[in-house]
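J.: Input final-v3.cif, format and content: mmCIF, C-alpha atoms and all ligand atoms.
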data_structure
loop_
_atom_site.group_PDB
_atom_site.id
_atom_site.type_symbol
_atom_site.label_atom_id
_atom_site.label_comp_id
_atom_site.auth_asym_id
_atom_site.auth_seq_id
_atom_site.Cartn_x
_atom_site.Cartn_y
_atom_site.Cartn_z
ATOM 1 C CA MET O 1 79.155 108.425 100.335
ATOM 2 C CA GLU O 2 82.033 108.450 102.777
ATOM 3 C CA HIS O 3 81.185 106.440 105.900
ATOM 4 C CA ASP O 4 82.995 104.580 108.686
ATOM 5 C CA ILE O 5 81.520 101.064 108.557
ATOM 6 C CA ASN O 6 82.104 100.661 112.294
ATOM 7 C CA THR O 7 78.953 102.713 112.766
ATOM 8 C CA PRO O 8 75.699 101.319 111.297
ATOM 9 C CA LEU O 9 74.808 102.477 107.783
ATOM 10 C CA PRO O 10 71.990 105.043 107.464
ATOM 11 C CA GLU O 11 68.569 103.345 107.074
ATOM 12 C CA ASP O 12 67.610 105.446 104.057
ATOM 13 C CA LEU O 13 70.387 104.317 101.701
ATOM 14 C CA PRO O 14 69.148 103.182 98.282
ATOM 15 C CA GLU O 15 68.617 99.458 97.790
ATOM 16 C CA VAL O 16 71.634 97.584 96.406
ATOM 17 C CA GLN O 17 72.044 94.234 94.626
ATOM 18 C CA GLN O 18 75.662 93.590 95.579
ATOM 19 C CA VAL O 19 77.890 94.583 98.491
ATOM 20 C CA TYR O 20 81.692 94.414 98.101
ATOM 21 C CA ASN O 21 83.420 94.716 101.462
ATOM 22 C CA LEU O 22 87.016 95.871 100.995
ATOM 23 C CA ALA O 23 86.879 98.293 103.912
ATOM 24 C CA CYS O 24 90.024 97.687 105.937
ATOM 25 C CA PRO O 25 93.586 98.972 105.742
ATOM 26 C CA ALA O 26 95.696 96.207 104.196
ATOM 27 C CA SER O 27 99.245 97.509 104.534
ATOM 28 C CA PRO O 28 100.935 96.258 107.736
ATOM 29 C CA VAL O 29 102.018 99.787 108.768
ATOM 30 C CA HIS O 30 98.480 101.114 108.335
ATOM 31 C CA TYR O 31 96.543 98.236 109.902
ATOM 32 C CA GLN O 32 98.915 98.263 112.889
ATOM 33 C CA TYR O 33 98.454 102.001 113.451
ATOM 34 C CA ASP O 34 95.200 101.401 115.393
ATOM 35 C CA ARG O 35 95.027 97.657 115.998
ATOM 36 C CA VAL O 36 91.768 97.732 117.916
ATOM 37 C CA LYS O 37 90.061 99.638 115.138
ATOM 38 C CA THR O 38 91.376 97.141 112.569
ATOM 39 C CA ALA O 39 89.963 94.215 114.565
ATOM 40 C CA LEU O 40 86.633 96.030 114.899
ATOM 41 C CA THR O 41 86.484 96.943 111.197
ATOM 42 C CA CYS O 42 86.776 93.238 110.358
ATOM 43 C CA SER O 43 84.119 92.213 112.880
ATOM 44 C CA LEU O 44 81.642 94.988 113.733
ATOM 45 C CA GLY O 45 82.196 96.774 110.415
ATOM 46 C CA THR O 46 81.567 93.584 108.459
ATOM 47 C CA LEU O 47 78.407 92.927 110.498
ATOM 48 C CA ASN O 48 77.070 96.410 109.675
ATOM 49 C CA LEU O 49 77.523 95.711 105.956
ATOM 50 C CA LEU O 50 76.013 92.228 106.276
ATOM 51 C CA ASN O 51 72.925 93.787 107.877
ATOM 52 C CA LYS O 52 72.576 96.095 104.862
ATOM 53 C CA ALA O 53 72.903 93.092 102.523
ATOM 54 C CA ALA O 54 70.254 91.201 104.502
ATOM 55 C CA ARG O 55 67.829 94.161 104.332
ATOM 56 C CA ASP O 56 68.238 94.310 100.539
ATOM 57 C CA LYS O 57 68.703 90.548 99.921
ATOM 58 C CA ALA O 58 71.957 91.508 98.199
ATOM 59 C CA ARG O 59 74.873 89.274 97.332
ATOM 60 C CA PHE O 60 77.840 89.791 99.687
ATOM 61 C CA PHE O 61 81.515 89.796 98.734
ATOM 62 C CA GLN O 62 84.180 89.660 101.424
ATOM 63 C CA ALA O 63 87.791 90.640 100.758
ATOM 64 C CA SER O 64 89.817 88.185 102.813
ATOM 65 C CA THR O 65 93.556 87.718 102.590
ATOM 66 C CA SER O 66 96.466 85.328 102.293
ATOM 67 C CA GLU O 67 97.335 86.592 105.804
ATOM 68 C CA ILE O 68 94.774 84.117 107.142
ATOM 69 C CA TYR O 69 97.428 81.453 106.352
ATOM 70 C CA GLY O 70 99.876 83.308 108.650
ATOM 71 C CA ASP O 71 103.478 82.117 108.220
ATOM 72 C CA PRO O 72 102.456 79.070 106.171
ATOM 73 C CA GLU O 73 103.926 75.612 106.715
ATOM 74 C CA VAL O 74 102.385 74.356 103.465
ATOM 75 C CA HIS O 75 103.567 75.580 100.084
ATOM 76 C CA PRO O 76 101.898 76.683 97.855
ATOM 77 C CA GLN O 77 98.813 77.551 99.889
ATOM 78 C CA THR O 78 95.559 75.829 98.904
ATOM 79 C CA GLU O 79 92.222 76.986 100.297
ATOM 80 C CA SER O 80 92.015 73.844 102.451
ATOM 81 C CA TYR O 81 95.183 74.804 104.398
ATOM 82 C CA ARG O 82 94.099 76.154 107.791
ATOM 83 C CA GLY O 83 97.057 78.366 108.533
ATOM 84 C CA ASN O 84 99.743 79.068 111.105
ATOM 85 C CA VAL O 85 98.686 82.316 112.772
ATOM 86 C CA ASN O 86 99.802 84.061 115.959
ATOM 87 C CA THR O 87 96.726 85.227 117.898
ATOM 88 C CA VAL O 88 98.558 87.895 119.910
ATOM 89 C CA GLY O 89 101.248 89.359 117.616
ATOM 90 C CA PRO O 90 101.393 92.717 115.827
ATOM 91 C CA ARG O 91 99.690 91.251 112.729
ATOM 92 C CA SER O 92 96.928 89.470 114.681
ATOM 93 C CA CYS O 93 94.406 92.327 114.521
ATOM 94 C CA TYR O 94 94.353 91.874 110.753
ATOM 95 C CA ASP O 95 95.031 88.128 110.445
ATOM 96 C CA GLU O 96 92.583 87.034 113.124
ATOM 97 C CA GLY O 97 90.197 89.861 112.183
ATOM 98 C CA LYS O 98 90.010 88.571 108.625
ATOM 99 C CA ARG O 99 89.709 84.964 109.837
ATOM 100 C CA PHE O 100 86.788 85.929 112.049
ATOM 101 C CA ALA O 101 85.231 87.860 109.136
ATOM 102 C CA GLU O 102 85.284 84.693 107.013
ATOM 103 C CA THR O 103 83.377 82.885 109.772
ATOM 104 C CA LEU O 104 80.901 85.712 110.273
ATOM 105 C CA VAL O 105 80.179 86.121 106.550
ATOM 106 C CA THR O 106 79.725 82.374 106.074
ATOM 107 C CA ASP O 107 77.443 81.886 109.089
ATOM 108 C CA PHE O 108 75.456 85.057 108.431
ATOM 109 C CA GLY O 109 74.925 83.929 104.836
ATOM 110 C CA VAL O 110 73.596 80.547 105.963
ATOM 111 C CA GLN O 111 71.332 81.990 108.673
ATOM 112 C CA HIS O 112 69.922 84.768 106.455
ATOM 113 C CA GLY O 113 69.818 82.881 103.142
ATOM 114 C CA LEU O 114 72.304 85.247 101.454
ATOM 115 C CA THR O 115 74.720 84.346 98.682
ATOM 116 C CA THR O 116 78.211 85.109 99.977
ATOM 117 C CA ARG O 117 81.582 85.077 98.237
ATOM 118 C CA ILE O 118 84.996 85.181 99.933
ATOM 119 C CA VAL O 119 88.205 85.981 98.089
ATOM 120 C CA ARG O 120 91.624 85.435 99.653
ATOM 121 C CA ILE O 121 93.770 88.166 98.139
ATOM 122 C CA PHE O 122 97.509 87.615 97.793
ATOM 123 C CA ASN O 123 99.993 90.504 97.435
ATOM 124 C CA THR O 124 98.686 92.972 94.872
ATOM 125 C CA TYR O 125 100.211 96.098 93.348
ATOM 126 C CA GLY O 126 99.617 98.609 90.586
ATOM 127 C CA PRO O 127 98.962 102.210 89.645
ATOM 128 C CA ARG O 128 97.077 104.370 92.175
ATOM 129 C CA MET O 129 98.812 102.912 95.209
ATOM 130 C CA HIS O 130 99.617 105.655 97.692
ATOM 131 C CA PRO O 131 103.330 106.617 97.738
ATOM 132 C CA ASP O 132 103.233 106.189 101.538
ATOM 133 C CA ASP O 133 101.292 102.919 101.407
ATOM 134 C CA GLY O 134 104.241 101.183 103.053
ATOM 135 C CA ARG O 135 104.092 97.933 101.102
ATOM 136 C CA VAL O 136 107.097 96.616 99.315
ATOM 137 C CA VAL O 137 106.360 97.363 95.650
ATOM 138 C CA SER O 138 105.380 101.004 96.150
ATOM 139 C CA ASN O 139 108.181 101.562 98.696
ATOM 140 C CA PHE O 140 110.858 100.209 96.349
ATOM 141 C CA ILE O 141 109.552 102.118 93.316
ATOM 142 C CA VAL O 142 109.313 105.426 95.179
ATOM 143 C CA GLN O 143 112.746 104.903 96.737
ATOM 144 C CA ALA O 144 114.281 103.972 93.369
ATOM 145 C CA LEU O 145 112.773 106.988 91.625
ATOM 146 C CA MET O 146 113.787 109.387 94.401
ATOM 147 C CA GLY O 147 117.319 107.993 94.591
ATOM 148 C CA GLU O 148 116.709 107.032 98.232
ATOM 149 C CA ASP O 149 118.003 103.843 99.879
ATOM 150 C CA ILE O 150 116.020 100.685 99.073
ATOM 151 C CA THR O 151 114.914 99.286 102.437
ATOM 152 C CA ILE O 152 115.006 95.490 102.476
ATOM 153 C CA TYR O 153 113.651 94.028 105.712
ATOM 154 C CA GLY O 154 115.635 91.042 106.958
ATOM 155 C CA SER O 155 117.794 89.040 104.541
ATOM 156 C CA GLY O 156 115.439 89.648 101.602
ATOM 157 C CA GLU O 157 115.224 85.896 101.011
ATOM 158 C CA GLN O 158 111.539 85.834 102.040
ATOM 159 C CA THR O 159 109.205 85.383 99.074
ATOM 160 C CA ARG O 160 105.952 86.899 97.883
ATOM 161 C CA SER O 161 103.873 86.433 94.713
ATOM 162 C CA PHE O 162 102.684 89.711 93.202
ATOM 163 C CA CYS O 163 99.430 90.099 91.303
ATOM 164 C CA PHE O 164 98.695 93.106 89.085
ATOM 165 C CA VAL O 165 95.582 94.973 90.188
ATOM 166 C CA ASP O 166 93.657 94.555 86.900
ATOM 167 C CA ASP O 167 93.966 90.777 87.167
ATOM 168 C CA LEU O 168 92.739 90.890 90.750
ATOM 169 C CA VAL O 169 89.690 92.994 89.899
ATOM 170 C CA GLU O 170 88.783 90.659 87.023
ATOM 171 C CA GLY O 171 88.886 87.775 89.512
ATOM 172 C CA PHE O 172 86.625 89.677 91.925
ATOM 173 C CA ILE O 173 84.013 90.365 89.253
ATOM 174 C CA ARG O 174 83.991 86.769 88.035
ATOM 175 C CA LEU O 175 83.681 85.418 91.570
ATOM 176 C CA MET O 176 80.899 87.810 92.504
ATOM 177 C CA ASN O 177 78.859 87.291 89.348
ATOM 178 C CA THR O 178 79.100 83.592 88.668
ATOM 179 C CA ASN O 179 75.858 81.796 89.399
ATOM 180 C CA ASP O 180 77.632 78.479 89.796
ATOM 181 C CA GLY O 181 77.713 77.299 93.388
ATOM 182 C CA ILE O 182 81.015 78.343 94.957
ATOM 183 C CA ASP O 183 81.811 76.380 98.042
ATOM 184 C CA GLY O 184 84.031 78.419 100.357
ATOM 185 C CA PRO O 185 86.845 80.934 99.858
ATOM 186 C CA VAL O 186 88.825 81.282 96.618
ATOM 187 C CA ASN O 187 92.498 82.293 96.355
ATOM 188 C CA ILE O 188 93.154 85.082 93.857
ATOM 189 C CA GLY O 189 96.792 85.917 93.231
ATOM 190 C CA ASN O 190 99.701 85.418 90.892
ATOM 191 C CA PRO O 191 101.615 82.192 91.581
ATOM 192 C CA GLN O 192 104.893 83.602 90.187
ATOM 193 C CA GLU O 193 107.022 83.630 93.349
ATOM 194 C CA THR O 194 109.903 86.045 93.838
ATOM 195 C CA THR O 195 112.231 86.925 96.698
ATOM 196 C CA VAL O 196 112.271 90.476 98.052
ATOM 197 C CA ASN O 197 115.913 90.697 96.896
ATOM 198 C CA GLN O 198 114.941 89.792 93.320
ATOM 199 C CA LEU O 199 112.129 92.358 93.402
ATOM 200 C CA ALA O 200 114.547 95.081 94.552
ATOM 201 C CA GLU O 201 117.037 94.246 91.774
ATOM 202 C CA GLN O 202 114.301 94.188 89.144
ATOM 203 C CA ILE O 203 112.877 97.573 90.190
ATOM 204 C CA LEU O 204 116.338 99.184 90.394
ATOM 205 C CA GLN O 205 117.154 97.964 86.911
ATOM 206 C CA MET O 206 113.785 98.928 85.381
ATOM 207 C CA ALA O 207 113.833 102.387 86.951
ATOM 208 C CA GLY O 208 117.449 102.950 85.931
ATOM 209 C CA SER O 209 118.140 103.855 89.545
ATOM 210 C CA ARG O 210 121.431 104.167 91.392
ATOM 211 C CA SER O 211 119.823 103.791 94.845
ATOM 212 C CA ARG O 212 121.759 101.740 97.410
ATOM 213 C CA ILE O 213 120.255 98.669 99.066
ATOM 214 C CA VAL O 214 120.145 98.790 102.887
ATOM 215 C CA HIS O 215 118.861 96.137 105.299
ATOM 216 C CA HIS O 216 116.467 96.837 108.175
ATOM 217 C CA PRO O 217 115.284 94.338 110.819
ATOM 218 C CA LEU O 218 112.626 91.853 109.712
ATOM 219 C CA PRO O 219 109.228 92.749 111.251
ATOM 220 C CA VAL O 220 107.824 90.300 113.848
ATOM 221 C CA ASP O 221 105.800 87.422 112.320
ATOM 222 C CA ASP O 222 106.716 88.422 108.750
ATOM 223 C CA PRO O 223 105.784 85.339 106.649
ATOM 224 C CA ARG O 224 108.799 83.613 105.081
ATOM 225 C CA ARG O 225 107.134 82.246 101.957
ATOM 226 C CA ARG O 226 103.883 82.954 100.207
ATOM 227 C CA LYS O 227 102.468 81.632 96.955
ATOM 228 C CA PRO O 228 98.858 80.869 96.063
ATOM 229 C CA ASP O 229 97.591 77.619 94.628
ATOM 230 C CA ILE O 230 95.042 79.000 92.159
ATOM 231 C CA SER O 231 93.614 75.702 90.817
ATOM 232 C CA ARG O 232 90.222 76.481 92.309
ATOM 233 C CA ALA O 233 89.969 79.919 90.594
ATOM 234 C CA LEU O 234 91.090 78.353 87.332
ATOM 235 C CA GLN O 235 88.554 75.512 87.514
ATOM 236 C CA GLN O 236 85.571 77.401 88.908
ATOM 237 C CA LEU O 237 86.033 80.879 87.355
ATOM 238 C CA ASN O 238 88.318 80.101 84.419
ATOM 239 C CA TRP O 239 90.541 82.803 85.927
ATOM 240 C CA SER O 240 94.297 83.119 85.862
ATOM 241 C CA PRO O 241 96.522 86.216 85.938
ATOM 242 C CA GLN O 242 97.384 87.687 82.532
ATOM 243 C CA VAL O 243 99.892 90.429 83.417
ATOM 244 C CA PRO O 244 103.481 89.256 84.049
ATOM 245 C CA LEU O 245 105.415 90.986 86.849
ATOM 246 C CA GLN O 246 107.709 92.779 84.387
ATOM 247 C CA ASP O 247 104.749 94.407 82.558
ATOM 248 C CA GLY O 248 102.888 95.289 85.725
ATOM 249 C CA LEU O 249 105.991 96.864 87.256
ATOM 250 C CA ALA O 250 106.577 98.913 84.076
ATOM 251 C CA ARG O 251 103.029 100.302 84.315
ATOM 252 C CA THR O 252 103.392 100.996 88.026
ATOM 253 C CA ILE O 253 106.761 102.730 87.641
ATOM 254 C CA ALA O 254 105.290 104.900 84.840
ATOM 255 C CA TYR O 255 102.404 105.824 87.139
ATOM 256 C CA PHE O 256 104.678 106.885 90.015
ATOM 257 C CA MET O 257 106.907 108.890 87.647
ATOM 258 C CA ASP O 258 103.829 110.819 86.449
ATOM 259 C CA GLU O 259 102.613 111.339 89.993
ATOM 260 C CA MET O 260 105.962 112.671 91.130
ATOM 261 C CA SER O 261 106.288 115.136 88.309
ATOM 262 C CA ARG O 262 102.699 116.273 88.950
ATOM 263 C CA SER O 263 103.249 116.736 92.685
ATOM 264 C CA GLY O 264 106.718 118.277 92.304
ATOM 265 C CA ARG O 265 108.468 115.431 94.193
ATOM 266 C CA LYS O 266 111.871 115.318 92.653
ATOM 267 C CA SER O 267 112.935 112.131 90.935
ATOM 268 C CA THR O 268 116.704 111.748 90.815
ATOM 269 C CA ASN O 269 117.014 108.597 88.743
ATOM 270 C CA ALA O 270 118.831 108.502 85.419
ATOM 271 C CA PHE O 271 115.805 107.090 83.579
ATOM 272 C CA ALA O 272 113.537 109.990 84.521
ATOM 273 C CA SER O 273 115.936 112.815 83.744
HETATM 274 N N1 LIG O 301 109.388 94.664 102.814
HETATM 275 C C1 LIG O 301 110.680 95.124 102.636
HETATM 276 N N2 LIG O 301 110.878 96.486 102.520
HETATM 277 C C2 LIG O 301 109.854 97.384 102.546
HETATM 278 C C3 LIG O 301 108.524 96.904 102.706
HETATM 279 C C4 LIG O 301 108.336 95.530 102.849
HETATM 280 O O1 LIG O 301 111.642 94.344 102.594
HETATM 281 O O2 LIG O 301 110.128 98.587 102.411
HETATM 282 C C5 LIG O 301 109.174 93.182 102.915
HETATM 283 C C6 LIG O 301 108.328 92.758 104.094
HETATM 284 O O3 LIG O 301 109.124 92.542 105.239
HETATM 285 C C7 LIG O 301 107.712 91.472 103.555
HETATM 286 C C8 LIG O 301 107.571 91.726 102.063
HETATM 287 O O4 LIG O 301 108.459 92.795 101.765
HETATM 288 O O5 LIG O 301 108.594 90.387 103.735
HETATM 289 C C9 LIG O 301 106.155 92.138 101.670
HETATM 290 O O6 LIG O 301 105.749 93.160 102.544
HETATM 291 P P1 LIG O 301 104.416 93.982 102.350
HETATM 292 O O7 LIG O 301 104.305 94.953 103.489
HETATM 293 O O8 LIG O 301 104.348 94.537 100.966
HETATM 294 O O9 LIG O 301 103.242 92.911 102.421
HETATM 295 P P2 LIG O 301 102.973 91.627 103.366
HETATM 296 O O10 LIG O 301 103.040 90.484 102.446
HETATM 297 O O11 LIG O 301 104.049 91.530 104.423
HETATM 298 O O12 LIG O 301 101.652 91.901 103.957
#
Please express the file's structure as structure tokens.
Ligand code: UDP

T.:
Amino acid sequence: MEHDINTPLPEDLPEVQQVYNLACPASPVHYQYDRVKTALTCSLGTLNLLNKAARDKARFFQASTSEIYGDPEVHPQTESYRGNVNTVGPRSCYDEGKRFAETLVTDFGVQHGLTTRIVRIFNTYGPRMHPDDGRVVSNFIVQALMGEDITIYGSGEQTRSFCFVDDLVEGFIRLMNTNDGIDGPVNIGNPQETTVNQLAEQILQMAGSRSRIVHHPLPVDDPRRRKPDISRALQQLNWSPQVPLQDGLARTIAYFMDEMSRSGRKSTNAFAS
């Protein structure tokens, strides 16, 4: 069913065994579009889903984020790092919303005797992203394929670590289904760190694109470095990412090329013609 989790779920829904809560925009442009709604989706929306889990005695999975570390002062980020977050900036609705959600899910689980799992998701990409998602991988691929300017925000020396979606989903399923005691949140992401400049060069080269690189101002509170420490996922779930960035980008570029030819958006790159 399609439902806004900010309003309580209907009472007559079938019983469930597991609830995965991924219901929140995750791209900065989208979560900043209606900041109050984003903060409420993380708080009130999460509570509405927790109430459903409590009714059904279901296991509860919360999609948290590396954003809870803010602009980190510790590198790479382990789960024990408590973060460096602005409470009143443009990213706060999401960062503080997701921080509060971790608290709510944990406390609700203890008070209601529910098993809860919290994953901290680092930057993820892959096929089926929306062309207007606004995040860096899809922006650069669409721009490269359309022959439009590649928009690098700031100097491009900031780093991210990109995880292919299939790896992420495998991590989710392992975390949700393990019956071993999991104490607290678990980072899931790919520790291979890259600068935004390197990502742009790699996508231009792989797409055979002649797009120009242009620089736009760096958004407020944009984290300078981000890389997960995934020792906990490795030890407790025997999980590590299997898809290198090069392979994941190839699959994502192929997806966007297909989508563009299907929708009639004209690709002007040499590779596609
Ligand atoms: N970015 C960029 N150009 C774009 C989109 C994003 O240079 O067209 C930068 C952005 O400023 C950030 C990084 O790429 O430093 C990752 O941004 P994204 O929105 O994908 O995710 P974030 O990690 O910031 O939530």

J.: In Å to one decimal, how far is CA of Asp4 (chain O) from CA of Val186 (chain O)?

T.: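 So the two atoms, CA of Val186 (chain O) and CA of Asp4 (chain O), lie 26.9 Å apart.
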
J.: If you count only C-alpha atoms and all ligand atoms, which residues end up within 7 Å of ligand LIG 301 (chain O), as a list in words?

T.: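 Here is the list of contacting residues: Ser27, Pro28, Asn123, Gly134, Arg135, Val136, Val137, Asn139, Phe140, Thr151, Ile152, Tyr153, Gly154, Gly156, Gln158, Thr159, Arg160, Val196, Leu218, Pro219, Asp222, Pro223 and Arg224 of chain O.
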
J.: Spell out the residues picked by the PyMOL selection byres (((chain O and resi 92) around 12) and not hetatm) here, as a PyMOL selection string.

T.: chain O and resi 28+31-32+35-36+38-39+42+67-71+84-91+93-100+220-222

J.: Taking 4 positions as the minimum chain separation for residues in the same chain, which residues sit within 7 Å of Arg251 (chain O) when counting all atoms listed in the file? Answer as a count of residues only.

T.: 3

J.: For a test of reading the model, state the distance in Å between CA of Gly113 (chain O) and CA of Lys57 (chain O), rounded to one decimal.

T.: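 Result for CA of Gly113 (chain O) versus CA of Lys57 (chain O): 8.4 Å, one decimal.
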
J.: Have a look at CA of Leu249 (chain O) and CA of Phe162 (chain O) and let me know their distance in Å, one decimal.

T.: 9.9 Å

J.: Please expand the PyMOL selection byres (((chain O and resi 50-53) around 9) and not hetatm) into the concrete residues it hits in this file, giving the result as a PDB file with C-alpha atoms, keeping the file's coordinate frame.

T.:
ATOM      1  CA  PRO O   8      75.699 101.319 111.297  1.00  0.00           C
ATOM      2  CA  LEU O   9      74.808 102.477 107.783  1.00  0.00           C
ATOM      3  CA  GLU O  11      68.569 103.345 107.074  1.00  0.00           C
ATOM      4  CA  GLU O  15      68.617  99.458  97.790  1.00  0.00           C
ATOM      5  CA  VAL O  16      71.634  97.584  96.406  1.00  0.00           C
ATOM      6  CA  GLN O  17      72.044  94.234  94.626  1.00  0.00           C
ATOM      7  CA  GLN O  18      75.662  93.590  95.579  1.00  0.00           C
ATOM      8  CA  VAL O  19      77.890  94.583  98.491  1.00  0.00           C
ATOM      9  CA  GLY O  45      82.196  96.774 110.415  1.00  0.00           C
ATOM     10  CA  THR O  46      81.567  93.584 108.459  1.00  0.00           C
ATOM     11  CA  LEU O  47      78.407  92.927 110.498  1.00  0.00           C
ATOM     12  CA  ASN O  48      77.070  96.410 109.675  1.00  0.00           C
ATOM     13  CA  LEU O  49      77.523  95.711 105.956  1.00  0.00           C
ATOM     14  CA  ALA O  54      70.254  91.201 104.502  1.00  0.00           C
ATOM     15  CA  ARG O  55      67.829  94.161 104.332  1.00  0.00           C
ATOM     16  CA  ASP O  56      68.238  94.310 100.539  1.00  0.00           C
ATOM     17  CA  LYS O  57      68.703  90.548  99.921  1.00  0.00           C
ATOM     18  CA  ALA O  58      71.957  91.508  98.199  1.00  0.00           C
ATOM     19  CA  ARG O  59      74.873  89.274  97.332  1.00  0.00           C
ATOM     20  CA  PHE O  60      77.840  89.791  99.687  1.00  0.00           C
ATOM     21  CA  VAL O 105      80.179  86.121 106.550  1.00  0.00           C
ATOM     22  CA  PHE O 108      75.456  85.057 108.431  1.00  0.00           C
ATOM     23  CA  GLY O 109      74.925  83.929 104.836  1.00  0.00           C
ATOM     24  CA  LEU O 114      72.304  85.247 101.454  1.00  0.00           C
TER      25      LEU O 114
END

J.: Using all atoms listed in the file, can you tell me which of O:Glu157, O:Pro76, O:His215, O:Gly184 comes closest to Asp107 (chain O)?

T.: O:Gly184

J.: I need the residue nearest Gly208 (chain O) from this list: O:Ala144, O:Cys24, O:Val110, O:Ile150. Use all atoms listed in the file for the distance.

T.: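 Once distances to Gly208 (chain O) are computed over all atoms listed in the file, the minimum belongs to O:Ala144.
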
J.: What lies within 12 Å of Asn179 (chain O) using all atoms listed in the file, ignoring chain neighbours under 3 positions off, as a VMD selection string?

T.: chain O and resid 59 115 to 117 173 to 176 182 to 183 236 to 237

J.: Residues of the last selection are to be written out with C-alpha atoms, as a PDB file, in the frame of the given file.

T.:
ATOM      1  CA  ARG O  59      74.873  89.274  97.332  1.00  0.00           C
ATOM      2  CA  THR O 115      74.720  84.346  98.682  1.00  0.00           C
ATOM      3  CA  THR O 116      78.211  85.109  99.977  1.00  0.00           C
ATOM      4  CA  ARG O 117      81.582  85.077  98.237  1.00  0.00           C
ATOM      5  CA  ILE O 173      84.013  90.365  89.253  1.00  0.00           C
ATOM      6  CA  ARG O 174      83.991  86.769  88.035  1.00  0.00           C
ATOM      7  CA  LEU O 175      83.681  85.418  91.570  1.00  0.00           C
ATOM      8  CA  MET O 176      80.899  87.810  92.504  1.00  0.00           C
ATOM      9  CA  ILE O 182      81.015  78.343  94.957  1.00  0.00           C
ATOM     10  CA  ASP O 183      81.811  76.380  98.042  1.00  0.00           C
ATOM     11  CA  GLN O 236      85.571  77.401  88.908  1.00  0.00           C
ATOM     12  CA  LEU O 237      86.033  80.879  87.355  1.00  0.00           C
TER      13      LEU O 237
END

J.: Care to translate the PyMOL selection byres (((chain O and resi 166) around 9) and not hetatm) into actual residues of this file, as a list in words?

T.: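 Applied to this file, the PyMOL selection byres (((chain O and resi 166) around 9) and not hetatm) selects Gly126, Cys163, Phe164, Val165, Asp167, Leu168, Val169, Glu170, Gly171, Pro241, Gln242 and Val243 of chain O.
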